[in-house]
file data.cif (mmCIF, C-alpha atoms and all ligand atoms)
data_target
loop_
_atom_site.group_PDB
_atom_site.id
_atom_site.type_symbol
_atom_site.label_atom_id
_atom_site.label_comp_id
_atom_site.auth_asym_id
_atom_site.auth_seq_id
_atom_site.Cartn_x
_atom_site.Cartn_y
_atom_site.Cartn_z
ATOM 1 C CA MET A 185 55.884 7.092 -54.704
ATOM 2 C CA THR A 186 56.694 3.454 -55.546
ATOM 3 C CA PRO A 187 56.135 1.278 -52.453
ATOM 4 C CA PRO A 188 59.354 -0.262 -51.152
ATOM 5 C CA ASP A 189 59.993 -3.940 -51.688
ATOM 6 C CA LEU A 190 58.974 -5.617 -48.438
ATOM 7 C CA PRO A 191 58.890 -9.252 -47.311
ATOM 8 C CA PRO A 192 55.505 -11.022 -47.172
ATOM 9 C CA LEU A 193 53.696 -10.521 -43.853
ATOM 10 C CA ARG A 194 53.965 -14.229 -43.024
ATOM 11 C CA ASP A 195 57.773 -13.916 -43.173
ATOM 12 C CA VAL A 196 57.596 -10.854 -40.916
ATOM 13 C CA ILE A 197 55.515 -12.831 -38.418
ATOM 14 C CA ARG A 198 58.064 -15.658 -38.466
ATOM 15 C CA LYS A 199 61.061 -13.338 -38.150
ATOM 16 C CA HIS A 200 59.612 -11.592 -35.082
ATOM 17 C CA ALA A 201 58.053 -14.739 -33.543
ATOM 18 C CA LEU A 202 54.747 -12.892 -33.625
ATOM 19 C CA THR A 203 52.453 -15.635 -32.391
ATOM 20 C CA ALA A 204 49.115 -14.013 -31.681
ATOM 21 C CA ARG A 205 48.366 -13.153 -28.042
ATOM 22 C CA LYS A 206 44.749 -13.353 -26.987
ATOM 23 C CA SER A 207 45.310 -10.917 -24.126
ATOM 24 C CA LEU A 208 46.194 -8.256 -26.725
ATOM 25 C CA GLY A 209 43.242 -9.052 -29.015
ATOM 26 C CA GLN A 210 45.650 -10.062 -31.778
ATOM 27 C CA HIS A 211 43.905 -11.161 -34.989
ATOM 28 C CA PHE A 212 46.027 -10.103 -37.925
ATOM 29 C CA LEU A 213 44.984 -9.081 -41.417
ATOM 30 C CA LEU A 214 47.443 -10.497 -43.905
ATOM 31 C CA ASP A 215 45.476 -9.915 -47.118
ATOM 32 C CA LEU A 216 46.878 -6.718 -48.584
ATOM 33 C CA ASN A 217 43.814 -6.247 -50.801
ATOM 34 C CA LEU A 218 41.710 -5.981 -47.658
ATOM 35 C CA THR A 219 44.067 -3.555 -45.965
ATOM 36 C CA LYS A 220 44.013 -1.406 -49.126
ATOM 37 C CA ARG A 221 40.228 -1.524 -49.069
ATOM 38 C CA ILE A 222 40.173 -0.245 -45.475
ATOM 39 C CA VAL A 223 42.406 2.649 -46.482
ATOM 40 C CA ARG A 224 40.139 3.463 -49.456
ATOM 41 C CA THR A 225 37.185 3.470 -47.043
ATOM 42 C CA ALA A 226 38.918 6.193 -45.025
ATOM 43 C CA GLY A 227 38.586 8.517 -48.054
ATOM 44 C CA ASP A 228 41.006 11.194 -49.114
ATOM 45 C CA LEU A 229 44.032 11.203 -46.811
ATOM 46 C CA THR A 230 46.024 13.730 -48.832
ATOM 47 C CA ASP A 231 46.471 16.384 -46.168
ATOM 48 C CA CYS A 232 45.828 14.146 -43.146
ATOM 49 C CA HIS A 233 47.896 12.880 -40.277
ATOM 50 C CA VAL A 234 46.752 9.314 -39.715
ATOM 51 C CA ILE A 235 46.880 7.475 -36.409
ATOM 52 C CA GLU A 236 46.757 3.685 -36.374
ATOM 53 C CA VAL A 237 46.202 2.001 -33.016
ATOM 54 C CA GLY A 238 47.614 -1.522 -32.856
ATOM 55 C CA PRO A 239 49.607 -1.960 -36.102
ATOM 56 C CA GLY A 240 50.545 -5.584 -35.305
ATOM 57 C CA PRO A 241 52.620 -7.047 -38.173
ATOM 58 C CA GLY A 242 51.910 -3.925 -40.240
ATOM 59 C CA GLY A 243 49.607 -4.947 -43.131
ATOM 60 C CA LEU A 244 47.315 -1.951 -42.620
ATOM 61 C CA THR A 245 50.322 0.255 -41.795
ATOM 62 C CA ARG A 246 51.864 -0.540 -45.182
ATOM 63 C CA ALA A 247 48.634 0.380 -46.963
ATOM 64 C CA LEU A 248 48.461 3.646 -45.009
ATOM 65 C CA LEU A 249 52.085 4.451 -45.827
ATOM 66 C CA ASN A 250 51.347 3.788 -49.509
ATOM 67 C CA SER A 251 48.513 6.370 -49.340
ATOM 68 C CA PRO A 252 49.108 10.118 -49.677
ATOM 69 C CA ALA A 253 48.722 10.636 -45.876
ATOM 70 C CA LEU A 254 51.207 13.225 -44.588
ATOM 71 C CA THR A 255 52.280 11.042 -41.662
ATOM 72 C CA VAL A 256 51.256 7.726 -40.101
ATOM 73 C CA THR A 257 51.577 7.483 -36.322
ATOM 74 C CA VAL A 258 51.292 3.988 -34.865
ATOM 75 C CA VAL A 259 50.515 3.304 -31.199
ATOM 76 C CA GLU A 260 51.404 -0.212 -30.106
ATOM 77 C CA LYS A 261 52.056 -1.911 -26.807
ATOM 78 C CA ASP A 262 53.579 -5.231 -27.953
ATOM 79 C CA ASP A 263 57.395 -5.016 -28.219
ATOM 80 C CA ARG A 264 57.464 -7.600 -31.007
ATOM 81 C CA CYS A 265 55.184 -5.434 -33.163
ATOM 82 C CA LEU A 266 57.264 -2.373 -32.301
ATOM 83 C CA ALA A 267 60.307 -4.185 -33.731
ATOM 84 C CA VAL A 268 58.326 -4.775 -36.954
ATOM 85 C CA MET A 269 57.547 -1.051 -37.046
ATOM 86 C CA GLU A 270 61.264 -0.202 -36.739
ATOM 87 C CA ASP A 271 61.887 -2.344 -39.857
ATOM 88 C CA LEU A 272 59.094 -0.468 -41.663
ATOM 89 C CA LYS A 273 60.634 2.839 -40.644
ATOM 90 C CA THR A 274 63.856 1.814 -42.330
ATOM 91 C CA ALA A 275 61.860 1.317 -45.526
ATOM 92 C CA TYR A 276 59.533 4.337 -45.295
ATOM 93 C CA GLY A 277 61.488 6.891 -43.265
ATOM 94 C CA ASP A 278 60.128 9.636 -41.046
ATOM 95 C CA ARG A 279 56.560 9.601 -42.386
ATOM 96 C CA LEU A 280 56.122 6.684 -39.995
ATOM 97 C CA ARG A 281 56.123 7.678 -36.336
ATOM 98 C CA ILE A 282 56.226 4.981 -33.694
ATOM 99 C CA VAL A 283 54.682 5.412 -30.255
ATOM 100 C CA ALA A 284 55.322 2.588 -27.790
ATOM 101 C CA ALA A 285 52.346 2.914 -25.475
ATOM 102 C CA ASP A 286 49.030 1.597 -24.252
ATOM 103 C CA ALA A 287 46.447 3.414 -26.377
ATOM 104 C CA LEU A 288 44.077 3.485 -23.401
ATOM 105 C CA GLU A 289 46.552 5.698 -21.571
ATOM 106 C CA THR A 290 47.580 7.842 -24.522
ATOM 107 C CA ASP A 291 46.429 11.347 -25.367
ATOM 108 C CA ILE A 292 45.954 10.567 -29.068
ATOM 109 C CA PRO A 293 45.317 14.120 -30.386
ATOM 110 C CA ALA A 294 48.549 15.256 -28.697
ATOM 111 C CA LEU A 295 50.550 12.865 -30.897
ATOM 112 C CA THR A 296 50.082 14.782 -34.117
ATOM 113 C CA SER A 297 48.655 17.983 -35.536
ATOM 114 C CA ALA A 298 45.289 18.329 -37.305
ATOM 115 C CA PRO A 299 43.679 17.268 -39.567
ATOM 116 C CA ARG A 300 43.737 13.808 -37.989
ATOM 117 C CA LYS A 301 42.096 10.543 -38.968
ATOM 118 C CA ILE A 302 42.206 7.315 -37.011
ATOM 119 C CA VAL A 303 42.300 4.148 -39.095
ATOM 120 C CA ALA A 304 42.557 0.910 -37.117
ATOM 121 C CA ASN A 305 41.755 -2.756 -36.814
ATOM 122 C CA LEU A 306 41.047 -2.441 -33.108
ATOM 123 C CA PRO A 307 41.891 -5.020 -30.454
ATOM 124 C CA TYR A 308 38.413 -6.323 -29.557
ATOM 125 C CA ASN A 309 39.023 -6.360 -25.823
ATOM 126 C CA VAL A 310 39.559 -2.596 -25.672
ATOM 127 C CA GLY A 311 37.794 -1.448 -28.854
ATOM 128 C CA THR A 312 34.690 0.023 -27.216
ATOM 129 C CA PRO A 313 36.452 1.981 -24.421
ATOM 130 C CA LEU A 314 38.918 3.393 -26.949
ATOM 131 C CA PHE A 315 36.099 4.376 -29.274
ATOM 132 C CA LEU A 316 34.113 6.077 -26.482
ATOM 133 C CA ARG A 317 37.204 8.057 -25.560
ATOM 134 C CA TRP A 318 37.610 9.253 -29.145
ATOM 135 C CA LEU A 319 33.935 10.211 -29.329
ATOM 136 C CA ARG A 320 34.456 12.351 -26.244
ATOM 137 C CA GLU A 321 37.120 14.357 -28.130
ATOM 138 C CA ILE A 322 35.508 14.022 -31.576
ATOM 139 C CA ASP A 323 36.367 17.615 -32.562
ATOM 140 C CA ALA A 324 39.997 16.500 -32.734
ATOM 141 C CA TYR A 325 39.321 14.176 -35.675
ATOM 142 C CA ARG A 326 38.311 14.550 -39.294
ATOM 143 C CA GLY A 327 37.240 10.923 -39.441
ATOM 144 C CA LEU A 328 37.477 7.473 -37.902
ATOM 145 C CA THR A 329 37.644 4.249 -39.925
ATOM 146 C CA LEU A 330 37.510 1.364 -37.507
ATOM 147 C CA MET A 331 37.185 -2.389 -37.598
ATOM 148 C CA PHE A 332 34.783 -3.704 -34.955
ATOM 149 C CA GLN A 333 33.094 -6.996 -34.218
ATOM 150 C CA THR A 334 30.006 -6.911 -36.460
ATOM 151 C CA GLU A 335 27.742 -6.881 -33.417
ATOM 152 C CA VAL A 336 29.384 -3.671 -32.163
ATOM 153 C CA ALA A 337 29.304 -2.079 -35.643
ATOM 154 C CA GLN A 338 25.561 -2.824 -35.810
ATOM 155 C CA ARG A 339 25.058 -1.020 -32.518
ATOM 156 C CA LEU A 340 26.681 2.116 -33.935
ATOM 157 C CA THR A 341 24.123 2.428 -36.745
ATOM 158 C CA ALA A 342 21.104 0.941 -34.919
ATOM 159 C CA GLN A 343 17.776 2.782 -34.996
ATOM 160 C CA PRO A 344 15.193 3.090 -32.179
ATOM 161 C CA GLN A 345 12.876 0.112 -31.569
ATOM 162 C CA THR A 346 15.597 -2.409 -32.415
ATOM 163 C CA LYS A 347 17.516 -4.772 -30.172
ATOM 164 C CA ALA A 348 20.878 -3.311 -31.172
ATOM 165 C CA TYR A 349 19.837 0.268 -30.291
ATOM 166 C CA GLY A 350 21.562 1.382 -27.108
ATOM 167 C CA ARG A 351 23.965 3.771 -25.466
ATOM 168 C CA LEU A 352 26.600 3.411 -28.192
ATOM 169 C CA SER A 353 24.033 4.082 -30.966
ATOM 170 C CA VAL A 354 22.773 7.250 -29.297
ATOM 171 C CA ILE A 355 26.153 8.757 -28.456
ATOM 172 C CA THR A 356 27.647 7.862 -31.855
ATOM 173 C CA GLN A 357 24.758 9.240 -33.918
ATOM 174 C CA TRP A 358 24.502 12.336 -31.721
ATOM 175 C CA LEU A 359 28.062 13.220 -32.804
ATOM 176 C CA CYS A 360 28.764 11.495 -36.130
ATOM 177 C CA GLU A 361 27.461 10.374 -39.442
ATOM 178 C CA VAL A 362 28.179 6.657 -39.362
ATOM 179 C CA HIS A 363 27.917 3.827 -41.844
ATOM 180 C CA SER A 364 29.029 0.208 -42.064
ATOM 181 C CA ALA A 365 31.362 0.074 -45.054
ATOM 182 C CA PHE A 366 31.926 -3.693 -45.479
ATOM 183 C CA ASN A 367 31.975 -6.976 -43.613
ATOM 184 C CA LEU A 368 34.846 -9.425 -43.208
ATOM 185 C CA SER A 369 34.439 -13.072 -42.405
ATOM 186 C CA LYS A 370 36.357 -14.574 -39.483
ATOM 187 C CA ASP A 371 38.625 -16.332 -41.973
ATOM 188 C CA ALA A 372 40.052 -13.029 -43.173
ATOM 189 C CA PHE A 373 42.105 -12.955 -39.947
ATOM 190 C CA THR A 374 45.048 -14.924 -38.601
ATOM 191 C CA PRO A 375 44.131 -16.467 -36.246
ATOM 192 C CA PRO A 376 40.378 -16.228 -36.942
ATOM 193 C CA PRO A 377 38.353 -14.639 -34.125
ATOM 194 C CA LYS A 378 35.068 -16.201 -32.936
ATOM 195 C CA VAL A 379 32.901 -13.634 -34.723
ATOM 196 C CA ALA A 380 32.736 -11.704 -37.988
ATOM 197 C CA SER A 381 33.953 -8.120 -38.312
ATOM 198 C CA THR A 382 32.784 -4.927 -39.965
ATOM 199 C CA VAL A 383 34.604 -1.784 -41.018
ATOM 200 C CA SER A 384 32.723 1.308 -39.824
ATOM 201 C CA ASN A 385 33.302 4.768 -41.196
ATOM 202 C CA LEU A 386 32.519 7.767 -39.021
ATOM 203 C CA ALA A 387 32.531 11.425 -39.998
ATOM 204 C CA PRO A 388 32.014 13.925 -37.172
ATOM 205 C CA LEU A 389 28.937 16.118 -37.722
ATOM 206 C CA PRO A 390 29.758 19.845 -38.066
ATOM 207 C CA ALA A 391 28.085 20.181 -34.644
ATOM 208 C CA PRO A 392 26.415 17.623 -32.347
ATOM 209 C CA LEU A 393 22.681 17.109 -32.980
ATOM 210 C CA ALA A 394 22.095 19.173 -29.805
ATOM 211 C CA PRO A 395 24.605 21.043 -27.637
ATOM 212 C CA VAL A 396 24.650 19.073 -24.381
ATOM 213 C CA PRO A 397 27.642 17.930 -22.306
ATOM 214 C CA PHE A 398 29.072 14.500 -23.083
ATOM 215 C CA GLU A 399 28.880 13.447 -19.411
ATOM 216 C CA ALA A 400 25.151 14.209 -19.288
ATOM 217 C CA MET A 401 24.534 12.126 -22.439
ATOM 218 C CA GLU A 402 26.586 9.309 -20.919
ATOM 219 C CA THR A 403 24.602 9.445 -17.683
ATOM 220 C CA VAL A 404 21.125 9.453 -19.252
ATOM 221 C CA THR A 405 21.929 6.733 -21.787
ATOM 222 C CA ALA A 406 23.727 4.506 -19.266
ATOM 223 C CA THR A 407 20.870 4.920 -16.769
ATOM 224 C CA ALA A 408 18.068 4.332 -19.290
ATOM 225 C CA PHE A 409 19.667 1.383 -21.087
ATOM 226 C CA GLY A 410 21.057 -0.055 -17.837
ATOM 227 C CA GLN A 411 17.520 -1.362 -17.264
ATOM 228 C CA ARG A 412 16.332 -1.394 -20.850
ATOM 229 C CA ARG A 413 13.302 -3.624 -20.253
ATOM 230 C CA LYS A 414 11.912 -1.348 -17.547
ATOM 231 C CA MET A 415 9.670 1.646 -18.169
ATOM 232 C CA LEU A 416 11.478 4.977 -18.084
ATOM 233 C CA ARG A 417 9.676 6.049 -14.916
ATOM 234 C CA THR A 418 11.519 3.174 -13.207
ATOM 235 C CA SER A 419 14.814 3.075 -15.098
ATOM 236 C CA LEU A 420 15.324 6.857 -14.825
ATOM 237 C CA LYS A 421 13.950 7.202 -11.293
ATOM 238 C CA SER A 422 17.375 7.900 -9.772
ATOM 239 C CA LEU A 423 17.782 10.984 -12.015
ATOM 240 C CA ASP A 424 14.559 12.539 -10.661
ATOM 241 C CA LEU A 425 13.490 14.189 -13.946
ATOM 242 C CA ASP A 426 9.966 15.355 -14.809
ATOM 243 C CA LEU A 427 9.411 13.193 -17.894
ATOM 244 C CA ALA A 428 5.888 14.457 -18.561
ATOM 245 C CA ALA A 429 7.168 18.061 -18.685
ATOM 246 C CA LEU A 430 9.608 16.923 -21.390
ATOM 247 C CA GLU A 431 6.722 15.268 -23.269
ATOM 248 C CA ILE A 432 8.391 11.893 -22.818
ATOM 249 C CA ASP A 433 6.022 9.029 -22.021
ATOM 250 C CA PRO A 434 7.042 7.652 -18.587
ATOM 251 C CA THR A 435 5.714 4.214 -19.607
ATOM 252 C CA ALA A 436 7.955 4.025 -22.684
ATOM 253 C CA ARG A 437 11.202 2.036 -22.640
ATOM 254 C CA ALA A 438 14.684 3.338 -23.459
ATOM 255 C CA GLU A 439 14.757 1.793 -26.915
ATOM 256 C CA GLU A 440 11.670 3.802 -27.957
ATOM 257 C CA LEU A 441 13.387 7.172 -27.431
ATOM 258 C CA SER A 442 14.959 9.089 -30.298
ATOM 259 C CA ILE A 443 18.413 10.638 -30.051
ATOM 260 C CA MET A 444 16.773 14.066 -29.661
ATOM 261 C CA ASP A 445 14.744 12.681 -26.725
ATOM 262 C CA PHE A 446 18.013 11.666 -25.047
ATOM 263 C CA CYS A 447 19.438 15.143 -25.747
ATOM 264 C CA GLN A 448 16.388 16.633 -24.034
ATOM 265 C CA LEU A 449 16.854 14.353 -21.036
ATOM 266 C CA ALA A 450 20.527 15.312 -20.863
ATOM 267 C CA ARG A 451 19.656 19.015 -20.997
ATOM 268 C CA ALA A 452 17.062 18.566 -18.233
ATOM 269 C CA LEU A 453 19.634 16.711 -16.143
ATOM 270 C CA VAL A 454 22.129 19.562 -16.484
ATOM 271 C CA GLU A 455 19.429 22.109 -15.529
ATOM 272 C CA SER A 456 18.267 20.064 -12.556
ATOM 273 C CA ARG A 457 21.810 19.902 -11.218
ATOM 274 C CA ALA A 458 22.605 23.583 -11.841
HETATM 275 N N1 LIG A 501 46.511 -3.780 -37.337
HETATM 276 C C1 LIG A 501 46.959 -5.159 -37.298
HETATM 277 C C2 LIG A 501 46.298 -5.952 -38.378
HETATM 278 O O1 LIG A 501 45.259 -5.475 -38.885
HETATM 279 O O2 LIG A 501 46.791 -7.032 -38.707
HETATM 280 C C3 LIG A 501 46.745 -5.799 -35.922
HETATM 281 C C4 LIG A 501 45.332 -5.720 -35.375
HETATM 282 S S1 LIG A 501 45.096 -6.663 -33.910
HETATM 283 C C5 LIG A 501 43.341 -6.887 -34.020
HETATM 284 C C6 LIG A 501 45.191 -5.487 -32.580
HETATM 285 C C7 LIG A 501 46.563 -4.838 -32.322
HETATM 286 O O3 LIG A 501 46.423 -3.945 -31.212
HETATM 287 C C8 LIG A 501 47.671 -5.788 -31.932
HETATM 288 O O4 LIG A 501 48.828 -5.441 -32.635
HETATM 289 C C9 LIG A 501 47.883 -5.557 -30.428
HETATM 290 O O5 LIG A 501 49.194 -5.814 -29.991
HETATM 291 C C10 LIG A 501 47.520 -4.094 -30.313
HETATM 292 N N2 LIG A 501 47.023 -3.687 -28.993
HETATM 293 C C11 LIG A 501 46.245 -4.392 -28.128
HETATM 294 N N3 LIG A 501 45.934 -3.670 -27.048
HETATM 295 C C12 LIG A 501 46.539 -2.454 -27.222
HETATM 296 C C13 LIG A 501 46.591 -1.268 -26.445
HETATM 297 N N4 LIG A 501 45.947 -1.176 -25.281
HETATM 298 N N5 LIG A 501 47.310 -0.232 -26.906
HETATM 299 C C14 LIG A 501 47.956 -0.304 -28.106
HETATM 300 N N6 LIG A 501 47.932 -1.401 -28.890
HETATM 301 C C15 LIG A 501 47.232 -2.460 -28.455
#
call {"tool": "encode", "arguments": {"input": "data.cif", "output": "structure tokens"}}
result
Amino acid sequence: MTPPDLPPLRDVIRKHALTARKSLGQHFLLDLNLTKRIVRTAGDLTDCHVIEVGPGPGGLTRALLNSPALTVTVVEKDDRCLAVMEDLKTAYGDRLRIVAADALETDIPALTSAPRKIVANLPYNVGTPLFLRWLREIDAYRGLTLMFQTEVAQRLTAQPQTKAYGRLSVITQWLCEVHSAFNLSKDAFTPPPKVASTVSNLAPLPAPLAPVPFEAMETVTATAFGQRRKMLRTSLKSLDLDLAALEIDPTARAEELSIMDFCQLARALVESRA
């Protein structure tokens, strides 16, 4: 399909008086080569229903609509951006679905049928809570292609014994294959944020590395990394687990444990509470 003839994004911003609001984490991507690159990173979208959280002035939305995705559902809470989306709908028709809502309060899988992929340049202020929510329901998605602050993206792929390794690394790698696809400098955005960004690509594993409940993984990782400089016998004291019986060194620190160690802790927690 030939893409419709659309005005430049800067004209769209002017028309809708879309001055960026900090409270909504608004840093727009106006370079259409970059938005195309994000869509390429998401892989084959041929039979997918794509969800974009926070379309803003619609640069990434255009690239998604120019892909073979079956539908593109946008979730946006700024009325000005919703007006931009209505203009795009006139150009692209019903393949674009507009949801006026706060993504934090939206049941995303209920918006569209499977297979689903989320592709988004996330608002930084709510990026991590949104991402944790999607991890919790990871079975609902075929893939996630997400722009994060580089520091957050590094946490997703971090290995044990590194400073970046933490709760987000463990839970992400327990459920997904994850890689950092490419970096973007601050200047790629309008207005530029304070830090650089990275596009992360996540493919859910066919099954989690070990079958333990999400809540138990959240509890053990939050407890262990909550006091990451302390030995596990201190940081995990409140959970009352027999670390030696799990062959986990009570004098080790959280960042020395592998993901499988955390799965073992989570399993022991479930058993101890049964
Ligand atoms: N996708 C656009 C781009 O790449 O230019 C805009 C990205 S901007 C970083 C984040 C977008 O998320 C903004 O459009 C903002 O209004 C929207 N947003 C912020 N908080 C939101 C929330 N809780 N629910 C839905 N959208 C939100």
call {"tool": "atom_distance", "arguments": {"input": "data.cif", "atom1": "atom CA of Pro376 of chain A", "atom2": "atom CA of Arg194 of chain A"}}
result
15.0 Å
call {"tool": "resolve_selection", "arguments": {"input": "data.cif", "expression": "the PyMOL selection byres (((not hetatm)) within 6 of (chain A and resi 501))", "output": "list in words"}}
result
Leu208, Gly209, Gln210, His211, Phe212, Leu213, Val237, Gly238, Pro239, Gly240, Pro241, Gly242, Gly243, Leu244, Val259, Glu260, Lys261, Asp262, Asp286, Ala287, Leu288, Asn305, Leu306 and Pro307 of chain A
call {"tool": "resolve_selection", "arguments": {"input": "data.cif", "expression": "the PyMOL selection byres (((chain A and resi 406) around 12) and not hetatm)", "output": "list in words"}}
result
Gly350, Arg351, Leu352, Ser353, Val354, Ile355, Phe398, Glu399, Ala400, Met401, Glu402, Thr403, Val404, Thr405, Thr407, Ala408, Phe409, Gly410, Gln411, Arg412, Ser419, Leu420, Ser422, Leu423, Ala438, Phe446 and Ala450 of chain A
call {"tool": "atom_distance", "arguments": {"input": "data.cif", "atom1": "atom CA of Val336 of chain A", "atom2": "atom CA of Gly311 of chain A"}}
result
9.3 Å
call {"tool": "resolve_selection", "arguments": {"input": "data.cif", "expression": "the PyMOL selection byres (((chain A and resi 229-231) around 6) and not hetatm)", "output": "mmCIF file with C-alpha atoms, in the frame of the given file"}}
result
data_model
loop_
_atom_site.group_PDB
_atom_site.id
_atom_site.type_symbol
_atom_site.label_atom_id
_atom_site.label_comp_id
_atom_site.auth_asym_id
_atom_site.auth_seq_id
_atom_site.Cartn_x
_atom_site.Cartn_y
_atom_site.Cartn_z
ATOM 1 C CA ASP A 228 41.006 11.194 -49.114
ATOM 2 C CA CYS A 232 45.828 14.146 -43.146
ATOM 3 C CA PRO A 252 49.108 10.118 -49.677
ATOM 4 C CA ALA A 253 48.722 10.636 -45.876
ATOM 5 C CA LEU A 254 51.207 13.225 -44.588
#
